[in-house]
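Note: the block below is entry02.pdb and it holds PDB, C-alpha atoms.
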```pdb
ATOM      1  CA  MET A   1      64.045 195.317 175.349  1.00  0.00           C
ATOM      2  CA  PHE A   2      66.411 198.110 176.306  1.00  0.00           C
ATOM      3  CA  LEU A   3      69.406 196.101 177.523  1.00  0.00           C
ATOM      4  CA  GLN A   4      71.439 197.357 174.568  1.00  0.00           C
ATOM      5  CA  ASP A   5      71.216 200.823 176.179  1.00  0.00           C
ATOM      6  CA  ILE A   6      71.451 199.717 179.807  1.00  0.00           C
ATOM      7  CA  LEU A   7      74.590 197.638 179.123  1.00  0.00           C
ATOM      8  CA  PRO A   8      76.462 199.779 176.577  1.00  0.00           C
ATOM      9  CA  ASP A   9      79.778 197.909 176.910  1.00  0.00           C
ATOM     10  CA  LEU A  10      78.376 194.391 176.621  1.00  0.00           C
ATOM     11  CA  ASP A  11      78.454 192.619 173.269  1.00  0.00           C
ATOM     12  CA  ALA A  12      75.817 189.916 173.825  1.00  0.00           C
ATOM     13  CA  CYS A  13      73.678 188.296 176.522  1.00  0.00           C
ATOM     14  CA  ILE A  14      70.970 185.748 177.242  1.00  0.00           C
ATOM     15  CA  LEU A  15      67.799 187.259 178.687  1.00  0.00           C
ATOM     16  CA  LEU A  16      65.836 184.928 181.004  1.00  0.00           C
ATOM     17  CA  ASP A  17      62.484 185.482 182.661  1.00  0.00           C
ATOM     18  CA  ILE A  18      62.572 185.121 186.428  1.00  0.00           C
ATOM     19  CA  ASP A  19      60.270 182.063 186.291  1.00  0.00           C
ATOM     20  CA  VAL A  20      62.576 179.577 184.549  1.00  0.00           C
ATOM     21  CA  LEU A  21      64.525 176.508 185.631  1.00  0.00           C
ATOM     22  CA  VAL A  22      67.733 175.966 183.649  1.00  0.00           C
ATOM     23  CA  LEU A  23      68.250 172.217 183.226  1.00  0.00           C
ATOM     24  CA  ARG A  24      71.173 172.204 180.791  1.00  0.00           C
ATOM     25  CA  PRO A  25      74.404 174.227 180.522  1.00  0.00           C
ATOM     26  CA  LEU A  26      73.701 177.651 179.035  1.00  0.00           C
ATOM     27  CA  ASP A  27      76.857 177.244 176.943  1.00  0.00           C
ATOM     28  CA  ASP A  28      74.728 175.033 174.686  1.00  0.00           C
ATOM     29  CA  LEU A  29      72.179 177.815 174.217  1.00  0.00           C
ATOM     30  CA  TRP A  30      74.954 180.394 173.748  1.00  0.00           C
ATOM     31  CA  SER A  31      76.227 178.351 170.797  1.00  0.00           C
ATOM     32  CA  TYR A  32      73.180 179.488 168.817  1.00  0.00           C
ATOM     33  CA  PHE A  33      74.784 182.924 168.508  1.00  0.00           C
ATOM     34  CA  SER A  34      77.213 181.360 166.037  1.00  0.00           C
ATOM     35  CA  ARG A  35      74.270 180.185 163.924  1.00  0.00           C
ATOM     36  CA  MET A  36      72.967 183.712 163.369  1.00  0.00           C
ATOM     37  CA  ASN A  37      73.541 185.210 159.954  1.00  0.00           C
ATOM     38  CA  SER A  38      74.726 188.782 159.544  1.00  0.00           C
ATOM     39  CA  SER A  39      71.142 190.161 159.560  1.00  0.00           C
ATOM     40  CA  GLN A  40      69.943 188.485 162.749  1.00  0.00           C
ATOM     41  CA  TYR A  41      70.340 190.040 166.182  1.00  0.00           C
ATOM     42  CA  VAL A  42      68.007 188.094 168.490  1.00  0.00           C
ATOM     43  CA  GLY A  43      67.059 184.449 168.962  1.00  0.00           C
ATOM     44  CA  MET A  44      63.791 183.080 170.391  1.00  0.00           C
ATOM     45  CA  ALA A  45      61.554 180.016 170.386  1.00  0.00           C
ATOM     46  CA  LEU A  46      57.961 179.935 169.181  1.00  0.00           C
ATOM     47  CA  GLU A  47      55.090 180.326 171.637  1.00  0.00           C
ATOM     48  CA  ASN A  48      53.700 177.034 170.294  1.00  0.00           C
ATOM     49  CA  GLU A  49      54.940 174.632 167.664  1.00  0.00           C
ATOM     50  CA  PRO A  50      53.244 174.997 164.232  1.00  0.00           C
ATOM     51  CA  SER A  51      52.292 171.294 164.443  1.00  0.00           C
ATOM     52  CA  SER A  52      50.088 172.025 167.459  1.00  0.00           C
ATOM     53  CA  THR A  53      46.539 170.741 167.058  1.00  0.00           C
ATOM     54  CA  ALA A  54      45.063 173.633 169.025  1.00  0.00           C
ATOM     55  CA  LEU A  55      45.359 177.376 168.697  1.00  0.00           C
ATOM     56  CA  SER A  56      47.550 178.788 171.464  1.00  0.00           C
ATOM     57  CA  SER A  57      45.864 180.900 174.119  1.00  0.00           C
ATOM     58  CA  TYR A  58      48.388 183.637 173.328  1.00  0.00           C
ATOM     59  CA  LYS A  59      47.423 183.755 169.661  1.00  0.00           C
ATOM     60  CA  ARG A  60      43.742 183.916 170.607  1.00  0.00           C
ATOM     61  CA  LYS A  61      44.296 186.874 172.943  1.00  0.00           C
ATOM     62  CA  VAL A  62      46.659 189.169 171.059  1.00  0.00           C
ATOM     63  CA  LYS A  63      45.558 191.731 168.505  1.00  0.00           C
ATOM     64  CA  VAL A  64      48.950 192.465 166.937  1.00  0.00           C
ATOM     65  CA  PRO A  65      50.664 190.721 163.991  1.00  0.00           C
ATOM     66  CA  LEU A  66      52.483 187.487 164.850  1.00  0.00           C
ATOM     67  CA  TYR A  67      55.100 185.354 163.168  1.00  0.00           C
ATOM     68  CA  SER A  68      53.652 181.823 163.006  1.00  0.00           C
ATOM     69  CA  THR A  69      52.208 181.031 166.475  1.00  0.00           C
ATOM     70  CA  GLY A  70      54.027 183.979 168.040  1.00  0.00           C
ATOM     71  CA  LEU A  71      57.486 184.383 169.579  1.00  0.00           C
ATOM     72  CA  GLN A  72      58.111 183.602 173.258  1.00  0.00           C
ATOM     73  CA  THR A  73      60.369 186.247 174.819  1.00  0.00           C
ATOM     74  CA  GLY A  74      60.961 184.512 178.167  1.00  0.00           C
ATOM     75  CA  VAL A  75      64.274 183.162 176.861  1.00  0.00           C
ATOM     76  CA  MET A  76      66.057 185.371 174.365  1.00  0.00           C
ATOM     77  CA  LEU A  77      69.482 185.607 172.769  1.00  0.00           C
ATOM     78  CA  MET A  78      70.444 189.255 172.286  1.00  0.00           C
ATOM     79  CA  ASN A  79      73.357 190.470 170.187  1.00  0.00           C
ATOM     80  CA  LEU A  80      73.543 193.861 171.875  1.00  0.00           C
ATOM     81  CA  THR A  81      76.136 195.275 169.496  1.00  0.00           C
ATOM     82  CA  ARG A  82      73.909 194.620 166.492  1.00  0.00           C
ATOM     83  CA  LEU A  83      70.838 195.897 168.355  1.00  0.00           C
ATOM     84  CA  ARG A  84      72.600 199.195 169.049  1.00  0.00           C
ATOM     85  CA  THR A  85      73.773 199.460 165.436  1.00  0.00           C
ATOM     86  CA  ALA A  86      70.213 198.856 164.215  1.00  0.00           C
ATOM     87  CA  ASP A  87      68.835 201.467 166.670  1.00  0.00           C
ATOM     88  CA  PHE A  88      66.499 198.820 168.020  1.00  0.00           C
ATOM     89  CA  THR A  89      65.277 201.071 170.836  1.00  0.00           C
ATOM     90  CA  MET A  90      63.874 203.491 168.271  1.00  0.00           C
ATOM     91  CA  HIS A  91      62.115 200.644 166.458  1.00  0.00           C
ATOM     92  CA  MET A  92      60.583 199.433 169.727  1.00  0.00           C
ATOM     93  CA  GLU A  93      59.305 202.929 170.512  1.00  0.00           C
ATOM     94  CA  LYS A  94      57.742 203.246 167.042  1.00  0.00           C
ATOM     95  CA  THR A  95      56.102 199.822 167.356  1.00  0.00           C
ATOM     96  CA  LEU A  96      54.825 200.689 170.831  1.00  0.00           C
ATOM     97  CA  ASN A  97      53.230 203.893 169.542  1.00  0.00           C
ATOM     98  CA  LYS A  98      51.725 202.107 166.529  1.00  0.00           C
ATOM     99  CA  TYR A  99      50.060 199.296 168.504  1.00  0.00           C
ATOM    100  CA  GLN A 100      49.722 200.776 171.997  1.00  0.00           C
ATOM    101  CA  LYS A 101      45.937 200.320 172.123  1.00  0.00           C
ATOM    102  CA  LYS A 102      46.263 196.621 171.216  1.00  0.00           C
ATOM    103  CA  LEU A 103      49.087 195.591 173.559  1.00  0.00           C
ATOM    104  CA  ILE A 104      48.690 193.207 176.503  1.00  0.00           C
ATOM    105  CA  GLY A 105      52.364 193.071 177.463  1.00  0.00           C
ATOM    106  CA  ALA A 106      55.936 193.718 176.355  1.00  0.00           C
ATOM    107  CA  GLN A 107      55.986 190.459 174.388  1.00  0.00           C
ATOM    108  CA  CYS A 108      53.357 191.942 172.069  1.00  0.00           C
ATOM    109  CA  VAL A 109      55.702 194.788 171.097  1.00  0.00           C
ATOM    110  CA  VAL A 110      58.457 192.327 170.214  1.00  0.00           C
ATOM    111  CA  ASN A 111      56.048 190.132 168.252  1.00  0.00           C
ATOM    112  CA  ALA A 112      54.570 193.031 166.310  1.00  0.00           C
ATOM    113  CA  PHE A 113      58.022 194.211 165.222  1.00  0.00           C
ATOM    114  CA  PHE A 114      59.468 190.830 164.243  1.00  0.00           C
ATOM    115  CA  ALA A 115      56.302 189.771 162.415  1.00  0.00           C
ATOM    116  CA  GLU A 116      57.237 192.497 159.927  1.00  0.00           C
ATOM    117  CA  HIS A 117      60.998 191.825 160.088  1.00  0.00           C
ATOM    118  CA  THR A 118      61.313 188.054 160.006  1.00  0.00           C
ATOM    119  CA  GLU A 119      64.866 188.230 158.685  1.00  0.00           C
ATOM    120  CA  LYS A 120      66.070 189.791 161.951  1.00  0.00           C
ATOM    121  CA  PHE A 121      65.658 186.839 164.330  1.00  0.00           C
ATOM    122  CA  LEU A 122      66.828 183.240 164.702  1.00  0.00           C
ATOM    123  CA  LEU A 123      64.483 180.498 165.885  1.00  0.00           C
ATOM    124  CA  PHE A 124      65.917 178.007 168.332  1.00  0.00           C
ATOM    125  CA  PRO A 125      64.180 174.758 169.414  1.00  0.00           C
ATOM    126  CA  CYS A 126      61.246 174.698 171.837  1.00  0.00           C
ATOM    127  CA  ASP A 127      63.134 172.645 174.460  1.00  0.00           C
ATOM    128  CA  TRP A 128      65.001 175.882 175.320  1.00  0.00           C
ATOM    129  CA  ASN A 129      61.720 177.590 176.306  1.00  0.00           C
ATOM    130  CA  TYR A 130      59.469 174.739 177.334  1.00  0.00           C
ATOM    131  CA  HIS A 131      56.137 175.483 179.013  1.00  0.00           C
ATOM    132  CA  ARG A 132      52.853 173.764 179.633  1.00  0.00           C
ATOM    133  CA  GLN A 133      51.205 175.274 176.572  1.00  0.00           C
ATOM    134  CA  THR A 134      53.273 172.861 174.458  1.00  0.00           C
ATOM    135  CA  ILE A 135      50.956 170.098 175.720  1.00  0.00           C
ATOM    136  CA  LYS A 136      47.557 169.914 174.087  1.00  0.00           C
ATOM    137  CA  LYS A 137      44.714 168.268 175.957  1.00  0.00           C
ATOM    138  CA  THR A 138      42.912 166.474 173.131  1.00  0.00           C
ATOM    139  CA  ASN A 139      41.472 162.969 172.785  1.00  0.00           C
ATOM    140  CA  GLN A 140      45.054 161.749 172.969  1.00  0.00           C
ATOM    141  CA  THR A 141      47.236 164.084 175.025  1.00  0.00           C
ATOM    142  CA  ARG A 142      50.502 164.704 173.208  1.00  0.00           C
ATOM    143  CA  ASN A 143      53.626 166.763 173.442  1.00  0.00           C
ATOM    144  CA  ASP A 144      54.027 169.116 170.489  1.00  0.00           C
ATOM    145  CA  CYS A 145      57.598 170.024 171.442  1.00  0.00           C
ATOM    146  CA  PHE A 146      59.345 167.202 169.635  1.00  0.00           C
ATOM    147  CA  ALA A 147      62.816 168.426 170.630  1.00  0.00           C
ATOM    148  CA  ALA A 148      61.896 168.022 174.311  1.00  0.00           C
ATOM    149  CA  ALA A 149      60.154 164.702 173.727  1.00  0.00           C
ATOM    150  CA  ARG A 150      63.319 163.435 172.049  1.00  0.00           C
ATOM    151  CA  ASN A 151      66.119 164.997 174.122  1.00  0.00           C
ATOM    152  CA  GLY A 152      64.500 166.202 177.334  1.00  0.00           C
ATOM    153  CA  VAL A 153      63.826 169.776 178.447  1.00  0.00           C
ATOM    154  CA  SER A 154      66.649 172.334 178.480  1.00  0.00           C
ATOM    155  CA  ILE A 155      64.818 175.264 180.126  1.00  0.00           C
ATOM    156  CA  LEU A 156      61.471 174.876 181.900  1.00  0.00           C
ATOM    157  CA  HIS A 157      59.397 178.070 181.834  1.00  0.00           C
ATOM    158  CA  GLY A 158      56.800 178.406 184.594  1.00  0.00           C
ATOM    159  CA  THR A 159      54.363 180.545 182.618  1.00  0.00           C
ATOM    160  CA  GLY A 160      51.070 181.404 184.262  1.00  0.00           C
ATOM    161  CA  ARG A 161      52.584 181.074 187.777  1.00  0.00           C
ATOM    162  CA  ARG A 162      52.919 177.302 187.269  1.00  0.00           C
ATOM    163  CA  PHE A 163      55.686 177.051 189.869  1.00  0.00           C
ATOM    164  CA  HIS A 164      53.358 178.423 192.536  1.00  0.00           C
ATOM    165  CA  SER A 165      49.972 177.048 191.486  1.00  0.00           C
ATOM    166  CA  ASN A 166      48.258 173.983 192.899  1.00  0.00           C
ATOM    167  CA  ALA A 167      46.578 173.597 189.518  1.00  0.00           C
ATOM    168  CA  ASP A 168      49.770 172.012 188.150  1.00  0.00           C
ATOM    169  CA  VAL A 169      51.054 169.868 190.995  1.00  0.00           C
ATOM    170  CA  PRO A 170      53.894 168.007 189.170  1.00  0.00           C
ATOM    171  CA  THR A 171      55.429 171.264 187.912  1.00  0.00           C
ATOM    172  CA  ARG A 172      55.112 172.857 191.355  1.00  0.00           C
ATOM    173  CA  THR A 173      56.622 169.741 192.928  1.00  0.00           C
ATOM    174  CA  LEU A 174      59.589 169.926 190.580  1.00  0.00           C
ATOM    175  CA  TYR A 175      60.075 173.606 191.395  1.00  0.00           C
ATOM    176  CA  LEU A 176      60.011 172.902 195.133  1.00  0.00           C
ATOM    177  CA  ALA A 177      62.507 170.065 194.663  1.00  0.00           C
ATOM    178  CA  PHE A 178      64.832 172.466 192.837  1.00  0.00           C
ATOM    179  CA  ASP A 179      64.372 174.988 195.631  1.00  0.00           C
ATOM    180  CA  LYS A 180      65.803 172.411 198.050  1.00  0.00           C
ATOM    181  CA  TYR A 181      68.524 171.180 195.710  1.00  0.00           C
ATOM    182  CA  LYS A 182      72.142 172.139 196.356  1.00  0.00           C
ATOM    183  CA  LEU A 183      74.998 171.820 193.895  1.00  0.00           C
ATOM    184  CA  GLY A 184      76.603 168.435 194.325  1.00  0.00           C
ATOM    185  CA  ASP A 185      73.415 166.724 195.552  1.00  0.00           C
ATOM    186  CA  ASP A 186      72.372 163.499 193.872  1.00  0.00           C
ATOM    187  CA  ILE A 187      69.977 164.472 191.055  1.00  0.00           C
ATOM    188  CA  GLU A 188      68.140 161.148 191.159  1.00  0.00           C
ATOM    189  CA  LYS A 189      67.609 161.197 194.926  1.00  0.00           C
ATOM    190  CA  VAL A 190      66.942 164.897 195.549  1.00  0.00           C
ATOM    191  CA  LEU A 191      65.146 165.960 192.345  1.00  0.00           C
ATOM    192  CA  ILE A 192      63.697 163.044 190.418  1.00  0.00           C
ATOM    193  CA  GLN A 193      62.543 160.640 193.121  1.00  0.00           C
ATOM    194  CA  PRO A 194      60.512 163.189 195.161  1.00  0.00           C
ATOM    195  CA  VAL A 195      58.642 164.259 192.026  1.00  0.00           C
ATOM    196  CA  LEU A 196      57.937 160.671 190.975  1.00  0.00           C
ATOM    197  CA  GLU A 197      56.741 159.770 194.473  1.00  0.00           C
ATOM    198  CA  THR A 198      54.345 162.721 194.506  1.00  0.00           C
ATOM    199  CA  ILE A 199      53.016 161.774 191.066  1.00  0.00           C
ATOM    200  CA  GLN A 200      52.451 158.182 192.135  1.00  0.00           C
ATOM    201  CA  GLU A 201      50.598 159.366 195.244  1.00  0.00           C
ATOM    202  CA  LEU A 202      48.349 161.605 193.148  1.00  0.00           C
ATOM    203  CA  ARG A 203      47.676 158.798 190.712  1.00  0.00           C
ATOM    204  CA  SER A 204      46.650 156.510 193.556  1.00  0.00           C
ATOM    205  CA  LYS A 205      44.126 159.156 194.637  1.00  0.00           C
ATOM    206  CA  ASN A 206      42.767 159.496 191.075  1.00  0.00           C
ATOM    207  CA  VAL A 207      43.521 163.210 190.938  1.00  0.00           C
ATOM    208  CA  LYS A 208      41.901 164.661 187.827  1.00  0.00           C
ATOM    209  CA  SER A 209      44.109 165.614 184.855  1.00  0.00           C
ATOM    210  CA  ILE A 210      47.252 164.079 186.373  1.00  0.00           C
ATOM    211  CA  ASN A 211      48.006 162.270 183.093  1.00  0.00           C
ATOM    212  CA  TYR A 212      47.847 165.632 181.330  1.00  0.00           C
ATOM    213  CA  ASP A 213      50.287 167.056 183.855  1.00  0.00           C
ATOM    214  CA  LEU A 214      52.585 164.067 183.362  1.00  0.00           C
ATOM    215  CA  SER A 215      52.726 164.645 179.601  1.00  0.00           C
ATOM    216  CA  HIS A 216      54.200 168.022 180.467  1.00  0.00           C
ATOM    217  CA  ILE A 217      56.651 166.924 183.139  1.00  0.00           C
ATOM    218  CA  GLU A 218      57.978 163.574 181.881  1.00  0.00           C
ATOM    219  CA  PRO A 219      60.377 165.141 179.319  1.00  0.00           C
ATOM    220  CA  VAL A 220      61.784 167.277 182.146  1.00  0.00           C
ATOM    221  CA  LEU A 221      62.506 164.225 184.280  1.00  0.00           C
ATOM    222  CA  ARG A 222      63.931 162.309 181.327  1.00  0.00           C
ATOM    223  CA  GLY A 223      66.331 165.150 180.529  1.00  0.00           C
ATOM    224  CA  LEU A 224      67.435 165.346 184.163  1.00  0.00           C
ATOM    225  CA  GLN A 225      68.060 161.609 184.269  1.00  0.00           C
ATOM    226  CA  GLN A 226      70.093 161.698 181.054  1.00  0.00           C
ATOM    227  CA  ARG A 227      72.234 164.588 182.239  1.00  0.00           C
ATOM    228  CA  GLY A 228      72.555 163.132 185.735  1.00  0.00           C
ATOM    229  CA  ASN A 229      73.861 159.870 184.299  1.00  0.00           C
ATOM    230  CA  TYR A 230      76.245 161.785 182.047  1.00  0.00           C
ATOM    231  CA  ARG A 231      77.588 163.718 185.026  1.00  0.00           C
ATOM    232  CA  LYS A 232      78.111 160.489 186.996  1.00  0.00           C
ATOM    233  CA  ALA A 233      79.954 158.906 184.095  1.00  0.00           C
ATOM    234  CA  THR A 234      82.129 161.997 183.668  1.00  0.00           C
ATOM    235  CA  TYR A 235      83.041 162.717 187.270  1.00  0.00           C
ATOM    236  CA  THR A 236      83.159 159.235 188.869  1.00  0.00           C
TER     237      THR A 236
END
```
As structure tokens, please, write out the structure in this file.
Amino acid sequence: MFLQDILPDLDACILLDIDVLVLRPLDDLWSYFSRMNSSQYVGMALENEPSSTALSSYKRKVKVPLYSTGLQTGVMLMNLTRLRTADFTMHMEKTLNKYQKKLIGAQCVVNAFFAEHTEKFLLFPCDWNYHRQTIKKTNQTRNDCFAAARNGVSILHGTGRRFHSNADVPTRTLYLAFDKYKLGDDIEKVLIQPVLETIQELRSKNVKSINYDLSHIEPVLRGLQQRGNYRKATYT
């Protein structure tokens, strides 16, 4: 949260965690800067949607104040000019000192501050910071990120080492497919089909919880298909 000091000549930026896959042009996310009012200087998505039927693991663990279900800092819009004007670094240091015995990570500092200054941030939709915790394993598994269910995923966040864990095979498979993908490759052939084939193989072996995993990954594939078809229509 010190980019406003590290990059003193930059007006604004998008901060991304290292464990994200960007599935939609970042220009679309950048457009949310224009939706900020004069008091707002950052933009984030919620950790979980308020409609969620289960309490998020994050909200259960943290001991600091939260806005709603908590703010997810893995994807963040930062108006650096406004952050410098507001002396945001000083506010972060004060919050850190106030809650230092209750913190479990940098996200806690951000949450503690903005829980008391809700007028300072803009919420953008959950499809721009989509992670497995948006899926709740209940009697009827459902996706609580309605923006992703409707339009597909814009940024997939591999929280909890999901890209490298065999506990979430479809997400890991998608990550590995992206690792092999090269610009210009056919999205359907190189990205979507390998993931679907792996899922079908797992289903045939009755791998436990695969339907739960699919609830998480299907909006990702749907978004890729929609954007792949759009690209074909535009450039062919």
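Reported to one decimal place, the separation of atom CA of A:Ala112 from atom CA of A:Ile155 is 24.7 Å.
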Looking at all atoms listed in the file, which of A:Leu71, A:Ala148, A:Leu103, A:Met92 is the one that sits closest to A:Ala115? A:Leu71
When the PyMOL selection byres ((chain A and resi 20) around 9) is applied to the file above, which residues end up in the set, as a list in words?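 With the PyMOL selection byres ((chain A and resi 20) around 9) on this model, the match is Leu16, Asp17, Ile18, Asp19, Leu21, Val22, Gly74, Val75, Asn129, Ile155, Leu156, His157, Gly158 and Thr159 of chain A.
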Specify as a PyMOL selection string each residue included when the PyMOL selection byres ((chain A and resi 23-36) around 9) is applied to this file. chain A and resi 12-14+21-22+37-43+77-79+121-122+124+128+153-156+220+223-224+227
Quick one: of A:Gln72, A:Leu176, A:Arg82, A:Pro50, who's nearest to A:Pro8, counting only C-alpha atoms?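 The closest residue to A:Pro8 is A:Arg82.
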So which residues touch A:Leu96 within 12 Å, counting only C-alpha atoms, skipping near sequence neighbours fewer than 3 positions away, as a PyMOL selection string? chain A and resi 1+64+89-93+99-113
Give me, please, the distance in Å between atom CA of A:Phe146 and atom CA of A:Ser68, quoted to one decimal.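 One can read the atom CA of A:Phe146 to atom CA of A:Ser68 distance as 17.0 Å.
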So, counting only C-alpha atoms, which residue among A:Asp5, A:Asp168, A:Asp179, A:Glu218 is closest to A:Arg150? A:Glu218
Answer key for the PyMOL selection byres ((chain A and resi 188) around 12), residues as a list in words: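 For this structure, the PyMOL selection byres ((chain A and resi 188) around 12) captures Ala177, Phe178, Tyr181, Gly184, Asp185, Asp186, Ile187, Lys189, Val190, Leu191, Ile192, Gln193, Pro194, Val195, Leu196, Glu197, Leu221, Arg222, Gly223, Leu224, Gln225, Gln226, Arg227, Gly228, Asn229, Arg231 and Lys232 of chain A.
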To one decimal in Å, tell me the separation between atom CA of A:Ser165 and atom CA of A:Arg132. 12.6 Å
